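Engineer: What follows is run31.csv, made up of CSV, C-alpha atoms:
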```csv
chain,number,residue,atom,x,y,z
A,10,MET,CA,114.8,86.8,73.0
A,11,GLY,CA,111.7,86.0,71.2
A,12,ALA,CA,109.8,89.1,70.1
A,13,PHE,CA,112.3,91.4,71.9
A,14,GLU,CA,115.8,92.5,71.1
A,15,SER,CA,117.1,92.4,74.6
A,16,PHE,CA,116.1,91.6,78.2
A,17,ALA,CA,115.7,95.4,79.0
A,18,ASP,CA,113.3,95.7,76.0
A,19,PHE,CA,111.4,92.7,77.4
A,20,LEU,CA,111.1,94.4,80.8
A,21,ALA,CA,110.1,97.7,79.2
A,22,MET,CA,107.2,96.2,77.2
A,23,ASN,CA,107.4,99.2,74.7
A,24,GLY,CA,106.4,101.6,77.5
A,25,TYR,CA,103.5,99.4,78.8
A,26,ALA,CA,105.6,97.8,81.5
A,27,PHE,CA,103.5,99.2,84.3
A,28,TYR,CA,100.2,97.8,82.9
A,29,VAL,CA,101.5,94.5,81.8
A,30,TRP,CA,103.6,93.6,84.8
A,31,LEU,CA,101.0,94.8,87.3
A,32,SER,CA,98.3,92.7,85.7
A,33,TYR,CA,100.4,89.6,85.6
A,34,GLY,CA,101.6,90.3,89.2
A,35,LEU,CA,98.2,90.8,90.7
A,36,ALA,CA,96.7,87.8,88.9
A,37,PHE,CA,99.6,85.7,90.3
A,38,LEU,CA,99.0,87.1,93.8
A,39,LEU,CA,95.3,86.4,93.7
A,40,ILE,CA,95.8,82.7,92.5
A,41,ILE,CA,98.5,82.2,95.2
A,42,GLY,CA,96.2,83.8,97.7
A,43,LEU,CA,93.4,81.4,96.8
A,44,PHE,CA,95.9,78.5,97.1
A,45,VAL,CA,97.2,79.5,100.5
A,46,TRP,CA,93.7,80.2,101.8
A,47,SER,CA,92.5,76.7,100.7
A,48,LYS,CA,95.5,75.0,102.2
A,49,TRP,CA,94.9,76.9,105.5
A,50,GLN,CA,91.3,76.0,105.6
A,51,ARG,CA,92.2,72.3,105.1
A,52,LYS,CA,94.8,72.5,107.9
A,53,SER,CA,92.4,74.2,110.4
A,54,ILE,CA,89.7,71.6,109.6
A,55,GLU,CA,92.2,68.8,110.3
A,56,GLN,CA,93.2,70.4,113.6
A,57,GLU,CA,89.5,70.9,114.6
A,58,ILE,CA,88.7,67.2,113.9
A,59,GLY,CA,91.8,66.2,115.9
A,60,GLN,CA,90.7,68.2,118.9
A,61,GLN,CA,87.2,66.8,118.7
A,62,GLN,CA,88.6,63.4,118.7
A,63,GLN,CA,90.8,64.1,121.7
A,64,VAL,CA,87.9,65.4,123.7
A,65,ARG,CA,86.0,62.3,122.8
A,66,THR,CA,88.7,59.9,123.9
A,67,VAL,CA,89.2,61.8,127.2
A,68,ARG,CA,85.4,61.6,127.8
A,69,GLN,CA,85.4,58.0,127.1
A,70,GLN,CA,88.2,57.3,129.5
A,71,GLN,CA,86.3,59.3,132.2
A,72,VAL,CA,83.2,57.2,131.6
A,73,ASN,CA,85.2,54.0,131.7
A,74,SER,CA,86.9,54.9,135.0
A,75,GLU,CA,83.5,55.9,136.6
A,76,MET,CA,82.1,52.6,135.5
A,77,LYS,CA,84.9,50.8,137.4
A,78,LEU,CA,84.1,52.8,140.6
B,3,MET,CA,75.7,54.9,83.6
B,4,PHE,CA,74.0,55.7,86.8
B,5,ARG,CA,74.9,52.3,88.2
B,6,TRP,CA,78.5,53.1,87.5
B,7,LEU,CA,78.1,56.6,89.0
B,8,HIS,CA,76.2,55.5,92.1
B,9,PRO,CA,79.1,54.5,94.4
B,10,TYR,CA,80.6,58.0,94.0
B,11,ALA,CA,77.6,59.5,95.7
B,12,LYS,CA,79.1,58.1,98.9
B,13,PRO,CA,81.1,60.9,100.6
B,14,GLU,CA,84.1,58.7,101.2
B,15,LYS,CA,84.3,57.7,97.5
B,16,ALA,CA,83.7,61.3,96.4
B,17,TYR,CA,86.5,62.5,98.7
B,18,GLN,CA,89.0,60.0,97.3
B,19,LEU,CA,88.0,60.7,93.7
B,20,SER,CA,88.3,64.5,94.1
B,21,MET,CA,91.7,64.2,95.8
B,22,ALA,CA,92.9,62.0,92.9
B,23,PHE,CA,91.5,64.6,90.4
B,24,GLN,CA,93.3,67.4,92.2
B,25,LYS,CA,96.6,65.6,92.2
B,26,PHE,CA,96.2,65.0,88.4
B,27,PHE,CA,95.1,68.4,87.3
B,28,MET,CA,97.2,70.7,89.5
B,29,PRO,CA,100.6,69.9,87.8
B,30,ILE,CA,99.0,70.2,84.4
B,31,ALA,CA,97.6,73.6,85.3
B,32,ILE,CA,100.9,74.9,86.7
B,33,ILE,CA,103.0,73.7,83.8
B,34,GLY,CA,100.4,74.9,81.3
B,35,LEU,CA,100.2,78.4,82.8
B,36,LEU,CA,104.0,78.7,82.9
B,37,VAL,CA,104.3,77.7,79.2
B,38,GLY,CA,101.4,79.9,78.2
B,39,CYS,CA,102.5,83.0,80.1
B,40,VAL,CA,106.2,82.7,79.0
B,41,TRP,CA,105.1,82.2,75.4
B,42,GLY,CA,102.6,85.0,75.6
B,43,LEU,CA,105.0,87.4,77.3
B,44,MET,CA,108.2,86.7,75.4
B,45,PHE,CA,107.6,84.9,72.1
B,46,ALA,CA,104.2,85.9,70.8
B,47,PRO,CA,104.6,88.7,68.3
B,48,THR,CA,103.9,92.3,69.4
B,49,ASP,CA,100.4,93.5,68.3
B,50,TYR,CA,100.6,95.9,65.4
B,51,GLN,CA,97.9,98.2,66.8
B,52,GLN,CA,98.1,97.8,70.6
B,53,SER,CA,101.9,97.1,70.9
B,54,ASP,CA,102.9,95.1,74.0
B,55,SER,CA,99.9,96.1,76.1
B,56,ALA,CA,98.0,93.4,74.1
B,57,ARG,CA,100.0,90.8,76.1
B,58,ILE,CA,97.6,91.4,79.0
B,59,MET,CA,95.2,89.4,76.8
B,60,TYR,CA,96.9,86.1,77.7
B,61,ILE,CA,95.5,86.3,81.2
B,62,HIS,CA,92.5,88.6,80.7
B,63,VAL,CA,90.7,86.3,78.2
B,64,PRO,CA,91.2,83.0,80.0
B,65,ALA,CA,90.1,84.5,83.3
B,66,ALA,CA,87.1,86.2,81.7
B,67,ILE,CA,86.0,83.0,79.8
B,68,TRP,CA,86.2,80.9,83.0
B,69,SER,CA,84.6,83.5,85.2
B,70,MET,CA,81.5,82.7,83.1
B,71,GLY,CA,82.3,78.9,82.8
B,72,VAL,CA,82.7,78.5,86.5
B,73,TYR,CA,79.4,80.3,87.1
B,74,MET,CA,77.6,78.0,84.7
B,75,SER,CA,78.9,74.9,86.3
B,76,MET,CA,78.1,76.3,89.8
B,77,GLY,CA,74.6,77.2,88.7
B,78,ILE,CA,74.0,73.8,87.2
B,79,ALA,CA,75.3,72.1,90.3
B,80,GLY,CA,73.1,74.4,92.4
B,81,PHE,CA,70.1,73.5,90.3
B,82,CYS,CA,70.7,69.7,90.6
B,83,ALA,CA,71.3,70.1,94.3
B,84,LEU,CA,67.9,71.9,94.7
B,85,VAL,CA,65.9,69.5,92.5
B,86,TRP,CA,67.3,66.2,93.7
B,87,GLN,CA,68.3,67.3,97.2
B,88,ILE,CA,72.0,66.2,96.8
B,89,ARG,CA,74.1,67.4,99.7
B,90,LEU,CA,77.4,66.8,97.9
B,91,LEU,CA,76.4,69.2,95.1
B,92,GLU,CA,75.6,71.9,97.7
B,93,ILE,CA,79.1,71.5,99.0
B,94,SER,CA,80.5,71.7,95.5
B,95,VAL,CA,78.7,75.1,95.0
B,96,LEU,CA,80.4,76.3,98.2
B,97,ALA,CA,83.7,75.0,96.8
B,98,MET,CA,83.4,76.8,93.5
B,99,ALA,CA,82.2,80.2,94.5
B,100,PRO,CA,85.5,81.7,95.7
B,101,ILE,CA,87.4,80.4,92.7
B,102,GLY,CA,84.9,82.0,90.3
B,103,ALA,CA,85.2,85.2,92.3
B,104,ALA,CA,89.0,85.2,92.0
B,105,PHE,CA,88.7,84.6,88.2
B,106,THR,CA,86.2,87.4,87.9
B,107,ALA,CA,88.4,89.8,89.9
B,108,ILE,CA,91.4,89.0,87.7
B,109,ALA,CA,89.3,89.6,84.5
B,110,LEU,CA,88.1,92.9,85.9
B,111,PHE,CA,91.4,94.4,87.0
B,112,THR,CA,93.4,93.1,84.1
B,113,GLY,CA,90.7,94.6,81.9
B,114,SER,CA,91.0,97.8,83.8
B,115,LEU,CA,94.8,97.8,83.4
B,116,TRP,CA,94.4,97.2,79.7
B,117,GLY,CA,91.7,99.8,79.3
B,118,LYS,CA,93.7,102.6,80.7
B,119,PRO,CA,96.4,102.7,78.0
B,120,MET,CA,94.0,101.7,75.2
B,121,TRP,CA,90.7,103.4,75.9
B,122,GLY,CA,92.1,106.1,78.1
B,123,THR,CA,90.0,105.2,81.1
B,124,TRP,CA,90.2,102.6,83.9
B,125,TRP,CA,86.5,102.0,84.0
B,126,VAL,CA,83.3,102.8,82.1
B,127,TRP,CA,79.8,101.8,83.1
B,128,ASP,CA,79.0,100.0,79.9
B,129,ALA,CA,77.2,96.7,79.5
B,130,ARG,CA,80.1,94.3,79.4
B,131,LEU,CA,82.0,95.8,82.4
B,132,THR,CA,78.9,96.3,84.5
B,133,SER,CA,77.5,92.8,84.0
B,134,GLU,CA,81.0,91.3,84.8
B,135,LEU,CA,81.0,93.4,88.0
B,136,ILE,CA,77.5,92.0,88.9
B,137,LEU,CA,79.0,88.5,88.3
B,138,LEU,CA,81.6,89.2,91.0
B,139,PHE,CA,78.9,90.3,93.4
B,140,LEU,CA,76.9,87.2,92.6
B,141,TYR,CA,79.9,85.0,93.5
B,142,LEU,CA,80.4,86.9,96.7
B,143,GLY,CA,76.7,86.7,97.5
B,144,VAL,CA,76.6,83.0,97.0
B,145,PHE,CA,79.6,82.5,99.2
B,146,ALA,CA,78.2,84.9,101.9
B,147,LEU,CA,74.8,83.2,101.9
B,148,PHE,CA,76.3,79.9,103.0
B,149,GLN,CA,77.7,81.5,106.1
B,150,SER,CA,74.7,83.7,107.0
B,151,PHE,CA,72.3,81.1,108.3
B,152,ASP,CA,72.6,79.2,111.6
B,153,ASP,CA,71.3,76.1,109.9
B,154,LYS,CA,73.8,75.1,107.3
B,155,ARG,CA,71.3,73.3,105.0
B,156,THR,CA,69.1,76.4,104.9
B,157,GLY,CA,72.1,78.5,104.0
B,158,ALA,CA,73.1,76.1,101.3
B,159,LYS,CA,69.7,76.1,99.9
B,160,ALA,CA,69.5,79.9,99.8
B,161,ALA,CA,73.0,80.0,98.1
B,162,CYS,CA,72.0,77.4,95.5
B,163,ILE,CA,68.8,79.5,94.7
B,164,LEU,CA,71.0,82.6,94.2
B,165,ALA,CA,73.4,80.6,92.1
B,166,VAL,CA,70.6,79.4,89.8
B,167,ILE,CA,69.0,82.8,89.4
B,168,GLY,CA,72.3,84.4,88.7
B,169,MET,CA,72.8,82.2,85.7
B,170,VAL,CA,70.6,84.7,83.8
B,171,ASN,CA,73.6,87.1,84.0
B,172,VAL,CA,76.0,84.8,82.0
B,173,PRO,CA,74.4,85.1,78.6
B,174,ILE,CA,74.0,88.8,79.2
B,175,ILE,CA,77.7,89.1,79.7
B,176,HIS,CA,78.5,87.1,76.6
B,177,TYR,CA,76.2,88.9,74.3
B,178,SER,CA,76.5,92.4,75.9
B,179,VAL,CA,79.1,93.4,73.2
B,180,GLU,CA,76.5,92.6,70.5
B,181,TRP,CA,73.3,93.9,72.1
B,182,TRP,CA,74.7,97.3,73.3
B,183,ASN,CA,77.1,99.8,72.1
B,184,THR,CA,80.2,99.3,74.2
B,185,LEU,CA,83.9,100.2,74.3
B,186,HIS,CA,84.7,96.5,74.7
B,187,GLN,CA,85.6,94.7,71.5
B,188,GLY,CA,83.5,91.8,70.2
B,189,ALA,CA,84.4,88.1,70.4
B,190,SER,CA,87.5,86.9,68.5
B,191,ILE,CA,87.7,83.2,69.2
B,192,THR,CA,84.2,82.0,70.0
B,193,LYS,CA,82.9,83.0,66.6
B,194,LEU,CA,81.3,80.4,64.4
B,195,ASP,CA,83.6,81.2,61.4
B,196,LYS,CA,87.4,81.4,61.5
B,197,PRO,CA,88.8,83.1,64.6
B,198,SER,CA,90.0,86.6,63.9
B,199,ILE,CA,93.4,86.3,65.6
B,200,ALA,CA,96.7,85.2,64.3
B,201,PRO,CA,97.8,81.6,65.1
B,202,SER,CA,101.0,82.8,66.7
B,203,MET,CA,98.9,84.6,69.3
B,204,LEU,CA,96.1,82.0,69.4
B,205,TRP,CA,98.4,79.2,70.6
B,206,PRO,CA,99.6,80.7,73.9
B,207,LEU,CA,96.0,81.9,74.5
B,208,LEU,CA,94.5,78.5,74.0
B,209,ILE,CA,97.2,76.9,76.2
B,210,ASN,CA,96.3,79.4,79.0
B,211,ILE,CA,92.5,78.9,78.5
B,212,VAL,CA,92.9,75.1,78.9
B,213,SER,CA,95.3,75.6,81.9
B,214,VAL,CA,92.9,77.9,83.7
B,215,LEU,CA,90.2,75.2,83.2
B,216,CYS,CA,92.6,72.6,84.8
B,217,LEU,CA,93.3,75.1,87.6
B,218,PHE,CA,89.6,75.5,88.2
B,219,ILE,CA,89.1,71.7,88.3
B,220,ALA,CA,92.1,71.2,90.7
B,221,PHE,CA,91.0,74.0,93.0
B,222,THR,CA,87.4,72.8,93.1
B,223,CYS,CA,88.3,69.3,93.9
B,224,TYR,CA,90.7,70.3,96.7
B,225,ARG,CA,88.2,72.8,98.2
B,226,PHE,CA,85.3,70.3,97.8
B,227,ALA,CA,87.4,67.6,99.7
B,228,THR,CA,88.0,70.1,102.5
B,229,GLU,CA,84.4,71.1,102.8
B,230,LEU,CA,83.4,67.4,102.7
B,231,LEU,CA,85.7,66.7,105.7
B,232,ARG,CA,84.1,69.6,107.6
B,233,ALA,CA,80.6,68.4,106.8
B,234,GLU,CA,81.4,64.8,107.8
B,235,SER,CA,83.7,65.5,110.6
B,236,HIS,CA,82.0,63.1,113.0
B,237,ARG,CA,82.1,60.2,110.6
B,238,LYS,CA,84.4,57.2,110.9
B,239,TRP,CA,85.8,57.5,107.4
B,240,VAL,CA,87.1,61.0,108.1
B,241,LEU,CA,89.0,59.9,111.1
B,242,GLU,CA,90.4,56.9,109.3
B,243,ILE,CA,91.6,59.1,106.4
B,244,LEU,CA,93.2,61.6,108.7
B,245,GLY,CA,94.7,58.8,110.8
B,246,LYS,CA,93.2,60.0,114.1
```
Show me, as structure tokens, the structure contained in the file I just sent.
Structural biologist:
Amino acid sequence: MGAFESFADFLAMNGYAFYVWLSYGLAFLLIIGLFVWSKWQRKSIEQEIGQQQQVRTVRQQQVNSEMKL
Amino acid sequence: MFRWLHPYAKPEKAYQLSMAFQKFFMPIAIIGLLVGCVWGLMFAPTDYQQSDSARIMYIHVPAAIWSMGVYMSMGIAGFCALVWQIRLLEISVLAMAPIGAAFTAIALFTGSLWGKPMWGTWWVWDARLTSELILLFLYLGVFALFQSFDDKRTGAKAACILAVIGMVNVPIIHYSVEWWNTLHQGASITKLDKPSIAPSMLWPLLINIVSVLCLFIAFTCYRFATELLRAESHRKWVLEILGK
């Protein structure tokens, strides 16, 4: 396996397993977090715009019906 | 050139272009990071001095390089936004700040996790580490300033001013290892003569550096598009794009 003799050696990282795997893990988590947060922001904006639009159409219908009266 | 660029100043065109960019760069970034990390973790040779702790380099160095690169592009965008009053560029500053903050945070804690076994300490208040920490606060400050005014344009202006002023910090970070005595080692790749790193280690590192750049472009375009929708939420083109 590349630079290591076995998979166990790979996991052990010559005794530096804690430092290596924690740095890779935390970096991964931060990037995933940024990704999820950006997706969530986008979704909430879309919902907000949808609600705005609903309010607008309801208001327009009200105005239209009042005009008829 | 400006005649060609001009249509993209329209928010609708800018939105479409940035979504296209995001779709193009995100897969490249993901594949590149996978290749670079697997190569760096499994196939690159073990460092003869630092043993396998040196494998932290393959994320620490790209994150640190782009923590400064993102800040420069954010500062330049902020400068142009202030001088030419371009609202789209203000939005791009807001889009970039959290990404830069994430890169800086990654550079800081991977550096800390590397420093503990190699230097024997998690943290020292020396020039390189302190100026990088200030960079993190600058990013957070720029992001916070956007939110801290009732009038959005005023907040954007304040944030752009901070982004421009903060650019002073970037050369300080880069040259801190030469100007002051520090625990941090000097530059290995960005030297004018030959890089002082073996090619077998340089390749995965370069792949990761390019991939993190692609990740930055993809994230910026996506977040820029989102902020554009928010800023233009009453416009017709937004409703048409969202199919409302």
Engineer: Hey, can you check how far CA of Phe26 (chain B) sits from CA of Ala220 (chain B)?
Structural biologist: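 Here the two named atoms are 7.8 Å from each other.
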Engineer: Need to verify the contact set: region 59-70 of chain A, 10 Å, only C-alpha atoms, exclusion of same-chain residues closer than 4 positions in sequence. Can you return it as a PyMOL selection string?
Structural biologist: (chain A and resi 53-55+74-76) or (chain B and resi 235-236+241+244-246)
Engineer: Using all atoms listed in the file, select each residue of chain B with any atom at most 6 Å away from an atom of chain A, and give the selection as an MDAnalysis selection string.
Structural biologist: chainID B and resid 44:45 47 54:55 58 108 112 115 228
Engineer: What does the distance between CA of Tyr17 (chain B) and CA of Phe226 (chain B) come to in Å, to one decimal place?
Structural biologist: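 Going from CA of Tyr17 (chain B) over to CA of Phe226 (chain B), I get 7.9 Å.
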Engineer: Please, what distance in Å, to one decimal, runs between CA of Ile93 (chain B) and CA of Ile61 (chain B)?
Structural biologist: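 Value for the CA of Ile93 (chain B)-CA of Ile61 (chain B) distance: 28.4 Å.
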Engineer: Can you pull out the residues contacting Leu36 (chain B)? Cut-off 12 Å, using only C-alpha atoms, and skip same-chain residues under 2 positions away; I want them as a PyMOL selection string.
Structural biologist: (chain A and resi 33+37) or (chain B and resi 29-34+38-44+60-61+206+209-210+213-214)
Engineer: Return the single residue from B:Ala161, B:Ile136, B:Ile67, B:Cys82 that is closest to Ala99 (chain B), with distances computed using all atoms listed in the file.
Structural biologist: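 The shortest atom-to-atom distance to Ala99 (chain B) comes from B:Ala161.
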Engineer: Using all atoms listed in the file, find the one residue out of B:Leu140, B:Leu208, B:Lys15, B:Gln87 that sits nearest to Met59 (chain B).
Structural biologist: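 When distances to Met59 (chain B) are compared using all atoms listed in the file, the smallest one comes from B:Leu208.
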Engineer: Looking at only C-alpha atoms, which of B:Phe27, B:Phe81, B:Trp127, B:Trp116 is the one that sits closest to Trp182 (chain B)?
Structural biologist: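 Of all the options, B:Trp127 lies closest to Trp182 (chain B).
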